[in-house]
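Shown next: my_file.tsv, containing TSV, C-alpha atoms (C1' of nucleotides).
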```tsv
chain	number	residue	atom	x	y	z
A	21	MET	CA	-108.83	-37.61	-4.52
A	22	PRO	CA	-110.04	-36.86	-1.05
A	23	ALA	CA	-106.58	-36.00	0.29
A	24	ILE	CA	-106.35	-32.99	-1.97
A	25	GLU	CA	-109.81	-31.81	-0.99
A	26	ARG	CA	-108.67	-31.89	2.60
A	27	GLU	CA	-105.74	-29.64	1.78
A	28	ILE	CA	-108.02	-27.26	-0.04
A	29	THR	CA	-110.26	-27.08	2.98
A	30	ARG	CA	-107.29	-26.39	5.22
A	31	PHE	CA	-106.24	-23.60	2.90
A	32	GLN	CA	-109.73	-22.18	2.86
A	33	ASP	CA	-109.83	-22.20	6.65
A	34	PHE	CA	-106.52	-20.40	6.77
A	35	LEU	CA	-107.74	-17.79	4.29
A	36	ALA	CA	-111.07	-17.31	6.01
A	37	ARG	CA	-109.34	-16.72	9.34
A	38	GLN	CA	-107.86	-13.56	7.90
A	39	GLY	CA	-110.74	-12.48	5.73
A	40	GLN	CA	-109.30	-13.82	2.54
A	41	LYS	CA	-111.06	-15.79	-0.13
A	42	LEU	CA	-110.63	-19.11	-1.80
A	43	THR	CA	-110.77	-18.42	-5.51
A	44	GLN	CA	-110.75	-20.70	-8.53
A	45	GLU	CA	-107.17	-19.76	-9.27
A	46	ARG	CA	-106.05	-20.62	-5.76
A	47	THR	CA	-107.95	-23.88	-5.82
A	48	SER	CA	-106.44	-25.03	-9.07
A	49	LEU	CA	-102.95	-24.13	-7.90
A	50	VAL	CA	-103.37	-26.15	-4.71
A	51	ARG	CA	-104.72	-29.01	-6.77
A	52	GLU	CA	-101.72	-28.91	-9.06
A	53	ILE	CA	-99.20	-28.59	-6.25
A	54	PHE	CA	-100.59	-31.48	-4.26
A	55	SER	CA	-101.03	-33.76	-7.23
A	56	THR	CA	-97.30	-33.89	-7.91
A	57	HIS	CA	-94.84	-35.03	-5.32
A	58	TYR	CA	-91.64	-33.23	-5.77
A	59	HIS	CA	-89.82	-29.97	-5.47
A	60	PHE	CA	-90.84	-27.36	-7.98
A	61	GLU	CA	-90.14	-23.75	-8.73
A	62	ALA	CA	-92.59	-20.93	-9.27
A	63	ASP	CA	-92.09	-20.61	-13.00
A	64	GLU	CA	-92.39	-24.35	-13.43
A	65	LEU	CA	-95.80	-24.20	-11.80
A	66	LEU	CA	-96.78	-21.31	-14.04
A	67	PHE	CA	-95.70	-23.32	-17.07
A	68	LYS	CA	-97.62	-26.42	-16.01
A	69	MET	CA	-100.80	-24.42	-15.59
A	70	LYS	CA	-100.30	-22.93	-19.04
A	71	GLN	CA	-99.82	-26.41	-20.48
A	72	LYS	CA	-103.10	-27.48	-18.97
A	73	SER	CA	-104.72	-24.37	-20.44
A	74	VAL	CA	-105.57	-23.07	-16.99
A	75	LYS	CA	-104.99	-19.34	-17.34
A	76	ILE	CA	-103.24	-17.98	-14.26
A	77	SER	CA	-100.90	-15.03	-14.24
A	78	ARG	CA	-97.38	-15.00	-12.91
A	79	ALA	CA	-98.38	-12.53	-10.21
A	80	THR	CA	-101.11	-14.82	-8.95
A	81	VAL	CA	-98.77	-17.79	-8.84
A	82	TYR	CA	-96.31	-15.88	-6.70
A	83	ARG	CA	-99.03	-14.43	-4.49
A	84	THR	CA	-100.61	-17.83	-3.95
A	85	LEU	CA	-97.31	-19.48	-3.17
A	86	GLU	CA	-96.69	-16.86	-0.53
A	87	LEU	CA	-100.06	-17.57	1.04
A	88	LEU	CA	-99.46	-21.29	0.93
A	89	VAL	CA	-96.12	-20.86	2.65
A	90	LYS	CA	-97.74	-18.71	5.33
A	91	SER	CA	-100.49	-21.25	5.81
A	92	GLY	CA	-97.92	-23.98	6.32
A	93	LEU	CA	-99.16	-26.11	3.43
A	94	VAL	CA	-96.10	-25.44	1.35
A	95	ARG	CA	-92.49	-24.98	2.35
A	96	ARG	CA	-89.79	-22.94	0.69
A	97	VAL	CA	-86.49	-24.71	0.32
A	98	HIS	CA	-83.07	-23.92	-1.03
A	99	LEU	CA	-81.58	-26.57	-3.27
A	100	GLY	CA	-78.06	-25.86	-4.35
A	101	GLU	CA	-77.33	-22.18	-4.48
A	102	GLU	CA	-80.16	-21.10	-6.70
A	103	HIS	CA	-83.42	-19.29	-6.33
A	104	TYR	CA	-86.33	-20.72	-4.36
A	105	HIS	CA	-87.86	-24.10	-4.70
A	106	TYR	CA	-91.08	-25.17	-3.06
A	107	GLU	CA	-92.42	-28.45	-1.79
A	108	HIS	CA	-95.78	-29.26	-0.35
A	109	VAL	CA	-95.81	-30.29	3.26
A	110	ARG	CA	-96.94	-33.80	3.88
A	111	GLY	CA	-97.88	-35.45	7.10
A	112	ASP	CA	-94.30	-36.10	7.96
A	113	SER	CA	-92.16	-33.58	9.69
A	114	HIS	CA	-89.28	-31.42	8.64
A	115	HIS	CA	-86.50	-32.81	6.49
A	116	ASP	CA	-83.32	-31.60	4.84
A	117	HIS	CA	-81.75	-32.28	1.46
A	118	LEU	CA	-78.78	-33.91	-0.18
A	119	VAL	CA	-78.37	-32.34	-3.61
A	120	CYS	CA	-76.34	-34.09	-6.32
A	121	THR	CA	-74.38	-31.50	-8.25
A	122	ALA	CA	-73.85	-33.91	-11.13
A	123	CYS	CA	-77.39	-35.01	-11.98
A	124	GLY	CA	-79.46	-32.60	-9.93
A	125	SER	CA	-81.28	-35.31	-7.99
A	126	VAL	CA	-82.39	-34.53	-4.47
A	127	ILE	CA	-82.46	-36.98	-1.60
A	128	GLU	CA	-84.48	-36.07	1.44
A	129	PHE	CA	-83.48	-37.08	4.92
A	130	ASN	CA	-84.66	-36.53	8.42
A	131	ASP	CA	-82.30	-37.06	11.28
A	132	PRO	CA	-83.57	-36.35	14.78
A	133	GLU	CA	-80.09	-36.54	16.23
A	134	LEU	CA	-78.92	-33.80	13.88
A	135	GLU	CA	-81.91	-31.66	14.79
A	136	GLN	CA	-81.23	-32.22	18.44
A	137	ARG	CA	-77.63	-31.16	18.06
A	138	GLN	CA	-78.74	-27.95	16.40
A	139	LEU	CA	-80.99	-27.18	19.33
A	140	GLU	CA	-78.07	-27.71	21.69
A	141	ILE	CA	-75.94	-25.30	19.68
A	142	CYS	CA	-78.70	-22.70	19.79
A	143	ALA	CA	-79.10	-23.13	23.52
A	144	ARG	CA	-75.39	-22.66	24.03
A	145	LYS	CA	-75.52	-19.42	22.02
A	146	LYS	CA	-78.76	-18.31	23.72
A	147	PHE	CA	-80.41	-18.24	20.32
A	148	THR	CA	-84.11	-19.01	19.87
A	149	PRO	CA	-84.44	-20.90	16.61
A	150	THR	CA	-87.55	-20.81	14.49
A	151	PHE	CA	-86.42	-22.54	11.36
A	152	HIS	CA	-83.40	-23.94	9.65
A	153	ASN	CA	-82.20	-24.79	6.25
A	154	LEU	CA	-79.52	-27.38	5.51
A	155	GLN	CA	-78.41	-28.57	2.13
A	156	ILE	CA	-75.51	-30.90	1.64
A	157	LEU	CA	-74.11	-30.72	-1.87
A	158	GLY	CA	-72.15	-33.57	-3.35
A	159	VAL	CA	-72.43	-36.54	-5.68
A	160	CYS	CA	-75.04	-39.27	-5.38
A	161	ASP	CA	-74.24	-42.95	-5.46
A	162	SER	CA	-75.19	-43.59	-9.07
A	163	CYS	CA	-73.27	-40.57	-10.38
A	164	HIS	CA	-70.34	-41.60	-8.27
A	165	ARG	CA	-70.31	-45.04	-9.89
A	166	LYS	CA	-70.42	-43.37	-13.29
A	167	GLY	CA	-67.19	-41.64	-12.33
A	168	GLU	CA	-68.59	-38.19	-11.73
A	169	HIS	CA	-65.91	-36.80	-9.51
A	170	PRO	CA	-66.59	-34.75	-6.45
A	171	ALA	CA	-64.50	-33.03	-3.89
A	172	SER	CA	-61.32	-31.95	-5.61
A	173	PRO	CA	-60.59	-28.59	-4.01
A	174	ASP	CA	-61.40	-26.90	-7.28
A	175	ARG	CA	-64.75	-28.52	-7.71
A	176	VAL	CA	-65.74	-27.68	-4.21
A	177	MET	CA	-65.49	-24.09	-5.16
A	178	THR	CA	-67.47	-24.37	-8.36
A	179	ILE	CA	-70.48	-25.99	-6.82
A	180	GLY	CA	-72.49	-22.94	-7.58
A	181	GLU	CA	-71.95	-23.69	-11.22
A	182	GLY	CA	-72.68	-27.36	-10.75
A	183	ALA	CA	-75.94	-26.52	-9.13
A	184	MET	CA	-76.71	-24.19	-12.00
A	185	LYS	CA	-77.04	-27.20	-14.20
A	186	LEU	CA	-80.20	-28.07	-12.33
A	187	ARG	CA	-81.92	-25.17	-14.00
A	188	LYS	CA	-84.21	-26.20	-16.78
B	3	MET	CA	-50.59	-4.83	7.00
B	4	PRO	CA	-48.53	-7.82	6.03
B	5	ALA	CA	-51.43	-10.27	6.37
B	6	ILE	CA	-53.23	-8.66	3.47
B	7	GLU	CA	-50.12	-8.72	1.32
B	8	ARG	CA	-49.91	-12.44	1.94
B	9	GLU	CA	-53.46	-12.91	0.67
B	10	ILE	CA	-52.68	-10.85	-2.38
B	11	THR	CA	-49.70	-13.04	-3.10
B	12	ARG	CA	-51.81	-16.17	-2.72
B	13	PHE	CA	-54.32	-14.73	-5.15
B	14	GLN	CA	-51.59	-13.84	-7.59
B	15	ASP	CA	-50.22	-17.38	-7.42
B	16	PHE	CA	-53.66	-18.76	-8.08
B	17	LEU	CA	-54.12	-16.44	-11.05
B	18	ALA	CA	-50.68	-17.12	-12.47
B	19	ARG	CA	-51.29	-20.85	-12.32
B	20	GLN	CA	-53.96	-20.40	-14.96
B	21	GLY	CA	-52.37	-17.68	-16.99
B	22	GLN	CA	-54.37	-14.88	-15.44
B	23	LYS	CA	-53.13	-11.53	-14.26
B	24	LEU	CA	-53.17	-9.62	-11.03
B	25	THR	CA	-54.47	-6.19	-11.90
B	26	GLN	CA	-54.84	-3.02	-9.87
B	27	GLU	CA	-58.58	-3.54	-9.69
B	28	ARG	CA	-58.19	-7.05	-8.34
B	29	THR	CA	-55.59	-5.94	-5.86
B	30	SER	CA	-57.73	-3.17	-4.45
B	31	LEU	CA	-60.72	-5.46	-4.17
B	32	VAL	CA	-58.73	-8.04	-2.21
B	33	ARG	CA	-57.40	-5.25	-0.02
B	34	GLU	CA	-60.89	-4.02	0.69
B	35	ILE	CA	-62.33	-7.47	1.34
B	36	PHE	CA	-59.60	-8.50	3.74
B	37	SER	CA	-59.56	-5.22	5.60
B	38	THR	CA	-63.12	-5.69	6.87
B	39	HIS	CA	-64.15	-8.69	8.86
B	40	TYR	CA	-67.68	-9.50	8.12
B	41	HIS	CA	-70.15	-10.82	5.61
B	42	PHE	CA	-70.78	-8.56	2.68
B	43	GLU	CA	-72.68	-8.59	-0.56
B	44	ALA	CA	-71.42	-7.78	-4.02
B	45	ASP	CA	-73.23	-4.46	-4.37
B	46	GLU	CA	-72.06	-3.40	-0.96
B	47	LEU	CA	-68.48	-3.94	-2.06
B	48	LEU	CA	-69.14	-1.97	-5.23
B	49	PHE	CA	-70.58	0.85	-3.16
B	50	LYS	CA	-67.63	0.91	-0.75
B	51	MET	CA	-65.18	1.17	-3.61
B	52	LYS	CA	-67.18	4.03	-5.05
B	53	GLN	CA	-67.13	5.77	-1.67
B	54	LYS	CA	-63.37	5.51	-1.60
B	55	SER	CA	-63.25	6.91	-5.13
B	56	VAL	CA	-61.70	3.73	-6.45
B	57	LYS	CA	-63.36	3.31	-9.82
B	58	ILE	CA	-64.28	-0.32	-10.40
B	59	SER	CA	-67.20	-1.48	-12.47
B	60	ARG	CA	-69.94	-3.80	-11.34
B	61	ALA	CA	-68.82	-6.42	-13.84
B	62	THR	CA	-65.31	-6.43	-12.44
B	63	VAL	CA	-66.56	-6.80	-8.89
B	64	TYR	CA	-68.60	-9.84	-9.83
B	65	ARG	CA	-65.83	-11.32	-11.93
B	66	THR	CA	-63.27	-10.84	-9.19
B	67	LEU	CA	-65.54	-12.33	-6.55
B	68	GLU	CA	-65.94	-15.38	-8.72
B	69	LEU	CA	-62.19	-15.74	-9.02
B	70	LEU	CA	-61.73	-15.27	-5.29
B	71	VAL	CA	-64.29	-17.96	-4.58
B	72	LYS	CA	-62.56	-20.32	-6.98
B	73	SER	CA	-59.21	-19.56	-5.42
B	74	GLY	CA	-60.60	-20.40	-2.00
B	75	LEU	CA	-59.85	-16.98	-0.52
B	76	VAL	CA	-63.48	-16.06	-0.30
B	77	ARG	CA	-66.53	-18.14	0.46
B	78	ARG	CA	-70.07	-17.70	-0.70
B	79	VAL	CA	-72.69	-18.07	2.00
B	80	HIS	CA	-76.43	-17.94	2.27
B	81	LEU	CA	-77.77	-15.88	5.12
B	82	GLY	CA	-81.49	-16.00	5.50
B	83	GLU	CA	-83.23	-16.65	2.26
B	84	GLU	CA	-81.71	-13.90	0.21
B	85	HIS	CA	-79.18	-13.58	-2.52
B	86	TYR	CA	-75.51	-14.32	-1.98
B	87	HIS	CA	-73.28	-13.03	0.72
B	88	TYR	CA	-69.54	-13.44	0.79
B	89	GLU	CA	-67.00	-13.74	3.55
B	90	HIS	CA	-63.27	-13.97	3.34
B	91	VAL	CA	-61.76	-17.21	4.49
B	92	ARG	CA	-59.58	-16.93	7.52
B	93	GLY	CA	-57.22	-19.46	8.97
B	94	ASP	CA	-60.02	-21.19	10.79
B	95	SER	CA	-62.09	-23.88	9.23
B	96	HIS	CA	-65.65	-24.09	8.03
B	97	HIS	CA	-68.48	-22.64	10.09
B	98	ASP	CA	-72.23	-22.20	9.85
B	99	HIS	CA	-74.54	-19.34	10.79
B	100	LEU	CA	-77.28	-18.38	13.19
B	101	VAL	CA	-79.21	-15.51	11.62
B	102	CYS	CA	-81.40	-13.24	13.75
B	103	THR	CA	-84.53	-12.40	11.81
B	104	ALA	CA	-85.25	-9.43	14.07
B	105	CYS	CA	-82.01	-7.45	13.92
B	106	GLY	CA	-80.15	-9.17	11.11
B	107	SER	CA	-77.14	-10.06	13.20
B	108	VAL	CA	-75.23	-13.19	12.33
B	109	ILE	CA	-73.55	-15.50	14.81
B	110	GLU	CA	-71.00	-17.93	13.49
B	111	PHE	CA	-70.49	-21.35	15.00
B	112	ASN	CA	-68.47	-24.42	14.31
B	113	ASP	CA	-69.54	-27.71	15.77
B	114	PRO	CA	-67.48	-30.78	14.91
B	115	GLU	CA	-70.12	-33.11	16.29
B	116	LEU	CA	-72.70	-31.66	13.92
B	117	GLU	CA	-70.32	-32.00	10.99
B	118	GLN	CA	-69.59	-35.57	11.97
B	119	ARG	CA	-73.27	-36.41	12.11
B	120	GLN	CA	-73.72	-35.02	8.61
B	121	LEU	CA	-70.97	-37.28	7.34
B	122	GLU	CA	-72.71	-40.25	8.91
B	123	ILE	CA	-75.95	-39.34	7.19
B	124	CYS	CA	-74.17	-39.06	3.85
B	125	ALA	CA	-72.49	-42.42	4.37
B	126	ARG	CA	-75.81	-44.02	5.15
B	127	LYS	CA	-77.27	-42.60	1.92
B	128	LYS	CA	-74.12	-43.47	-0.08
B	129	PHE	CA	-73.72	-39.79	-0.87
B	130	THR	CA	-70.29	-38.19	-1.35
B	131	PRO	CA	-70.49	-34.71	0.12
B	132	THR	CA	-68.40	-31.82	-1.11
B	133	PHE	CA	-69.92	-28.92	0.70
B	134	HIS	CA	-72.79	-27.94	2.90
B	135	ASN	CA	-74.74	-24.93	3.87
B	136	LEU	CA	-76.65	-24.57	7.12
B	137	GLN	CA	-78.41	-21.51	8.39
B	138	ILE	CA	-80.50	-21.50	11.51
B	139	LEU	CA	-82.95	-18.62	11.56
B	140	GLY	CA	-84.39	-17.32	14.77
B	141	VAL	CA	-84.04	-14.59	17.35
B	142	CYS	CA	-80.81	-13.68	19.11
B	143	ASP	CA	-80.52	-13.26	22.83
B	144	SER	CA	-80.63	-9.48	22.91
B	145	CYS	CA	-83.64	-9.25	20.59
B	146	HIS	CA	-85.33	-11.91	22.64
B	147	ARG	CA	-84.90	-9.87	25.78
B	148	LYS	CA	-86.37	-6.88	23.98
B	149	GLY	CA	-89.46	-8.97	23.42
B	150	GLU	CA	-88.99	-9.73	19.77
B	151	HIS	CA	-91.08	-12.83	19.50
B	152	PRO	CA	-90.03	-15.86	17.61
B	153	ALA	CA	-91.60	-19.10	16.76
B	154	SER	CA	-95.33	-18.50	16.65
B	155	PRO	CA	-96.44	-20.68	13.73
B	156	ASP	CA	-97.14	-17.56	11.73
B	157	ARG	CA	-93.78	-16.02	12.24
B	158	VAL	CA	-92.02	-19.21	11.35
B	159	MET	CA	-93.49	-18.90	7.94
B	160	THR	CA	-92.61	-15.29	7.40
B	161	ILE	CA	-88.95	-15.68	8.02
B	162	GLY	CA	-88.25	-14.86	4.43
B	163	GLU	CA	-89.66	-11.42	5.07
B	164	GLY	CA	-87.77	-11.05	8.28
B	165	ALA	CA	-84.57	-11.81	6.51
B	166	MET	CA	-85.47	-9.24	3.87
B	167	LYS	CA	-84.96	-6.57	6.45
B	168	LEU	CA	-81.28	-7.35	6.31
B	169	ARG	CA	-81.11	-5.76	2.89
B	170	LYS	CA	-79.55	-2.38	2.67
C	26	DT	C1'	-129.35	-10.81	-4.99
C	27	DC	C1'	-126.33	-7.07	-3.81
C	28	DG	C1'	-122.40	-4.74	-2.54
C	29	DC	C1'	-118.00	-4.45	-1.22
C	30	DA	C1'	-113.80	-6.10	-0.06
C	31	DC	C1'	-110.73	-9.02	-1.93
C	32	DC	C1'	-108.59	-10.92	-6.14
C	33	DT	C1'	-106.86	-11.11	-10.81
C	34	DG	C1'	-104.13	-10.20	-15.15
C	35	DA	C1'	-101.17	-7.52	-17.96
C	36	DG	C1'	-97.37	-5.53	-18.10
C	37	DA	C1'	-94.24	-2.16	-16.17
C	38	DC	C1'	-90.76	-2.29	-12.84
C	39	DT	C1'	-86.80	-3.75	-9.75
C	40	DC	C1'	-82.67	-5.77	-8.65
C	41	DA	C1'	-78.93	-9.10	-8.72
C	42	DG	C1'	-76.18	-10.88	-11.75
C	43	DT	C1'	-74.28	-11.75	-16.73
C	44	DC	C1'	-72.67	-10.61	-21.28
C	45	DT	C1'	-70.59	-7.95	-25.12
C	46	DC	C1'	-67.18	-5.44	-27.22
C	47	DA	C1'	-64.08	-1.74	-27.93
C	48	DA	C1'	-60.44	0.27	-25.34
C	49	DT	C1'	-56.70	-0.67	-21.96
C	50	DA	C1'	-53.05	-2.67	-19.24
C	51	DA	C1'	-50.09	-6.71	-17.60
C	52	DA	C1'	-46.36	-9.24	-18.66
C	53	DA	C1'	-43.62	-11.80	-21.89
C	54	DC	C1'	-40.55	-11.15	-25.53
C	55	DC	C1'	-36.93	-8.88	-27.98
D	18	DG	C1'	-36.91	0.15	-22.72
D	19	DG	C1'	-40.12	-0.62	-26.45
D	20	DT	C1'	-43.22	-3.86	-28.70
D	21	DT	C1'	-46.42	-7.52	-28.92
D	22	DT	C1'	-49.61	-10.63	-27.09
D	23	DT	C1'	-53.21	-11.63	-24.32
D	24	DA	C1'	-56.02	-11.01	-20.45
D	25	DT	C1'	-58.77	-7.39	-18.39
D	26	DT	C1'	-61.68	-3.54	-17.92
D	27	DG	C1'	-65.91	-0.39	-18.11
D	28	DA	C1'	-70.21	1.02	-19.88
D	29	DG	C1'	-74.23	-0.27	-20.61
D	30	DA	C1'	-77.44	-3.55	-22.68
D	31	DC	C1'	-79.46	-7.73	-21.27
D	32	DT	C1'	-81.60	-11.60	-18.45
D	33	DG	C1'	-84.60	-13.79	-15.32
D	34	DA	C1'	-86.82	-14.12	-10.89
D	35	DG	C1'	-89.76	-11.82	-8.39
D	36	DT	C1'	-92.80	-7.52	-7.14
D	37	DC	C1'	-96.01	-3.84	-7.86
D	38	DT	C1'	-99.88	-1.21	-9.81
D	39	DC	C1'	-104.35	-0.47	-11.10
D	40	DA	C1'	-108.48	-1.15	-13.66
D	41	DG	C1'	-111.70	-4.66	-14.08
D	42	DG	C1'	-113.60	-9.10	-12.11
D	43	DT	C1'	-115.37	-12.32	-8.46
D	44	DG	C1'	-116.39	-14.68	-3.92
D	45	DC	C1'	-119.29	-14.53	-0.24
D	46	DG	C1'	-121.67	-12.49	3.91
D	47	DA	C1'	-125.79	-10.05	4.66
```

Mind turning this structure into structure tokens?
Amino acid sequence: MPAIEREITRFQDFLARQGQKLTQERTSLVREIFSTHYHFEADELLFKMKQKSVKISRATVYRTLELLVKSGLVRRVHLGEEHYHYEHVRGDSHHDHLVCTACGSVIEFNDPELEQRQLEICARKKFTPTFHNLQILGVCDSCHRKGEHPASPDRVMTIGEGAMKLRK
Amino acid sequence: MPAIEREITRFQDFLARQGQKLTQERTSLVREIFSTHYHFEADELLFKMKQKSVKISRATVYRTLELLVKSGLVRRVHLGEEHYHYEHVRGDSHHDHLVCTACGSVIEFNDPELEQRQLEICARKKFTPTFHNLQILGVCDSCHRKGEHPASPDRVMTIGEGAMKLRK
DNA sequence: TCGCACCTGAGACTCAGTCTCAATAAAACC
DNA sequence: GGTTTTATTGAGACTGAGTCTCAGGTGCGA
């Protein structure tokens, strides 16, 4: 898979620029991350490596993820109100997430008009933005058809719990 | 302060509706929360109560916050990429946050056009939203003047760390 | 090939948040 | 007002994500 090799090279360049090294552990983590195409969490990655009998410690997983985020190859995202999730950065640009609190599915979207509006707000407040993070929680179409109910005032307030269901 | 008494009554009504009781601990927590006007975290609240020699356990603080969130008197928000923050709900409606990664200050804003655009996106994706969460990270005007630099590709990726400074 | 700076793993540690359970306090009942 | 019922509390053990330490291991420039 040449695409993955390209990412590995990019990572190596990034590391080299600051006197850091590309190790076997880092290589196999990048390979794993870029061979799947969805959001994942740190412990999930650790578990997958264990399953494949690639021995990598928890500390190394966290350290490598941090480097990958700094290098721009991987992005940290919030889904629901939980701990971090990660996603690898593909050619396409920034996107945000719709998170279904019933089934845990995540829909990505990218809306230039929305982004533009955010820039306008920042300009009005004399704020220099570097990054943003938007999640919209709710119920996806298929859950909605199944009668999973959203938006009663009570449920709105228990979304944290709903999102908890996403965990494992 | 009659305003606070009104909130306490609302909380009591909420509790009574589900056979729960308004205790001294709960009352003093509501009093504390509504007497300050900014975002706070659970441990901060615990610490403030300790300072005032009001003995309330960690468990009770967390339990009460959960009840307050469910009752709609308090809202949970994400600021930066950290753990939860809370804010009490005032008469005004929903708002989002600009978070300065240099000084930790938080600017609230409410933009109906932005909200509207989000609804349009949800409609297009057949998604029924219940709640959303938007933080824009960056550098506020006064930090910007002081030469705190934003937005170099490197800094963009270390926002998590910037936000960490907010702690304590 | 060598040497050294960087990296790793194991596990101790931290910190927010949750849970348990015996003791306590609202409030409903008499 | 006193008693009973039931929810609530506090102390501290526990959990789980994430971080740190340090001795031993490894990539890579010279």

**OP:** Do me a favour and pick out the residues of chain C within 12 Å of chain B, using only C-alpha atoms (C1' of nucleotides), as a list of chain:residue names.
**Re:**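 Every residue meeting the condition is included here: C:DC40, C:DA41, C:DG42, C:DT43, C:DC44, C:DT45, C:DT49, C:DA50, C:DA51, C:DA52, C:DA53.
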
Subject >> Using only C-alpha atoms (C1' of nucleotides): which of D:DG29, D:DG18, D:DA24, D:DG35 has the shortest distance to C:DC38 >> reply: D:DG35

**OP:** Could you give me, as a PyMOL selection string, the residues within 12 Å of C:DA35, counting only C-alpha atoms (C1' of nucleotides) and dropping anything in the same chain fewer than 4 positions from it?
**Re:** (chain A and resi 76-80) or (chain D and resi 37-41)

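Separating atom CA of B:Ala104 from atom CA of A:Leu139 is a distance of 19.0 Å.
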
**OP:** Can you work out which one of D:DT36, D:DA30, D:DG42, D:DT21 has the shortest atom-to-atom distance to chain A, counting only C-alpha atoms (C1' of nucleotides)?
**Re:** D:DT36

Let me have the centre and edge lengths in Å, one decimal, of the box along x, y and z around every listed atom of stretch 37-46 of chain D with 3 Å of margin on each side, as lines of an AutoDock Vina configuration file.
```
center_x = -108.8
center_y = -7.6
center_z = -5.1
size_x = 31.7
size_y = 20.2
size_z = 24.0
```

Subject >> Contacts of stretch 126-142 of chain B within 7 Å, all atoms listed in the file, excl. fewer than 4 positions in-chain, as an MDAnalysis selection string >> reply: (chainID A and resid 146:161 170:171 176) or (chainID B and resid 81:82 98:104 122 146 152)

**OP:** Identify which of the residues A:Glu52, A:Glu133, A:Glu27, A:Glu45 lies closest to chain D, counting all atoms listed in the file when measuring atom-to-atom distances.
**Re:**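 Of the candidates, the smallest distance to chain D is held by A:Glu45.
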
**OP:** Counting only C-alpha atoms (C1' of nucleotides), note down every residue that has an atom within 9 Å of the point (-127.8, -12.8, -3.4) (file coordinates), as a ChimeraX atom specification.
**Re:** /C:26-27 /D:47

**OP:** Hey, list the chain D side of the contact with chain B: 10 Å cut-off, only C-alpha atoms (C1' of nucleotides), answer as number ranges by chain.
**Re:** D: 23-28

Original post:
Using only C-alpha atoms, which of B:Asp15, B:Val71, B:His90, B:Val76 sits nearest chain A?
Top reply: B:Val71

Subject >> Length of the atom CA of A:Ile24 to atom CA of A:Thr84 vector [Å] >> reply: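 Between atom CA of A:Ile24 and atom CA of A:Thr84 the gap is 16.3 Å.
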
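Each of A:Gln71, A:Ser162, A:Ser48, A:Gln32 was checked against chain B using only C-alpha atoms; the smallest atom-to-atom distance is that of A:Ser162.
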
Subject >> Shortest interatomic distance to chain A - which of B:Ser107, B:Thr38, B:Ser55, B:Ser73, counting only C-alpha atoms >> reply: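 Going through B:Ser107, B:Thr38, B:Ser55, B:Ser73 one by one, the smallest distance to chain A is for B:Ser73.
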
Original post:
So which residues touch B:Leu116 within 8 Å, counting only C-alpha atoms (C1' of nucleotides), skipping near sequence neighbours fewer than 6 positions away, as a list in words?
Top reply: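 In the requested form, the answer reads Leu134, Arg137 and Gln138 of chain A.
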
Have stretch 72-82 of chain B completed to N, CA and C atoms, please, and pass it along as an mmCIF file, keeping the file's coordinate frame.
```
data_model
loop_
_atom_site.group_PDB
_atom_site.id
_atom_site.type_symbol
_atom_site.label_atom_id
_atom_site.label_comp_id
_atom_site.auth_asym_id
_atom_site.auth_seq_id
_atom_site.Cartn_x
_atom_site.Cartn_y
_atom_site.Cartn_z
ATOM 1 N N LYS B 72 -63.264 -19.175 -6.399
ATOM 2 C CA LYS B 72 -62.560 -20.320 -6.980
ATOM 3 C C LYS B 72 -61.199 -20.529 -6.349
ATOM 4 N N SER B 73 -60.552 -19.442 -5.995
ATOM 5 C CA SER B 73 -59.210 -19.560 -5.420
ATOM 6 C C SER B 73 -59.272 -20.016 -3.964
ATOM 7 N N GLY B 74 -60.460 -19.960 -3.375
ATOM 8 C CA GLY B 74 -60.600 -20.400 -2.000
ATOM 9 C C GLY B 74 -60.343 -19.283 -0.985
ATOM 10 N N LEU B 75 -60.100 -18.086 -1.454
ATOM 11 C CA LEU B 75 -59.850 -16.980 -0.520
ATOM 12 C C LEU B 75 -61.135 -16.405 0.036
ATOM 13 N N VAL B 76 -62.187 -16.592 -0.702
ATOM 14 C CA VAL B 76 -63.480 -16.060 -0.300
ATOM 15 C C VAL B 76 -64.507 -17.168 -0.417
ATOM 16 N N ARG B 77 -65.514 -17.105 0.434
ATOM 17 C CA ARG B 77 -66.530 -18.140 0.460
ATOM 18 C C ARG B 77 -67.885 -17.490 0.229
ATOM 19 N N ARG B 78 -68.719 -18.182 -0.484
ATOM 20 C CA ARG B 78 -70.070 -17.700 -0.700
ATOM 21 C C ARG B 78 -70.965 -18.312 0.364
ATOM 22 N N VAL B 79 -71.786 -17.501 1.007
ATOM 23 C CA VAL B 79 -72.690 -18.070 2.000
ATOM 24 C C VAL B 79 -74.110 -17.565 1.795
ATOM 25 N N HIS B 80 -75.038 -18.375 2.229
ATOM 26 C CA HIS B 80 -76.430 -17.940 2.270
ATOM 27 C C HIS B 80 -76.732 -17.490 3.673
ATOM 28 N N LEU B 81 -77.294 -16.326 3.815
ATOM 29 C CA LEU B 81 -77.770 -15.880 5.120
ATOM 30 C C LEU B 81 -79.241 -15.579 4.931
ATOM 31 N N GLY B 82 -80.067 -16.179 5.735
ATOM 32 C CA GLY B 82 -81.490 -16.000 5.500
ATOM 33 C C GLY B 82 -81.826 -16.586 4.154
#
```
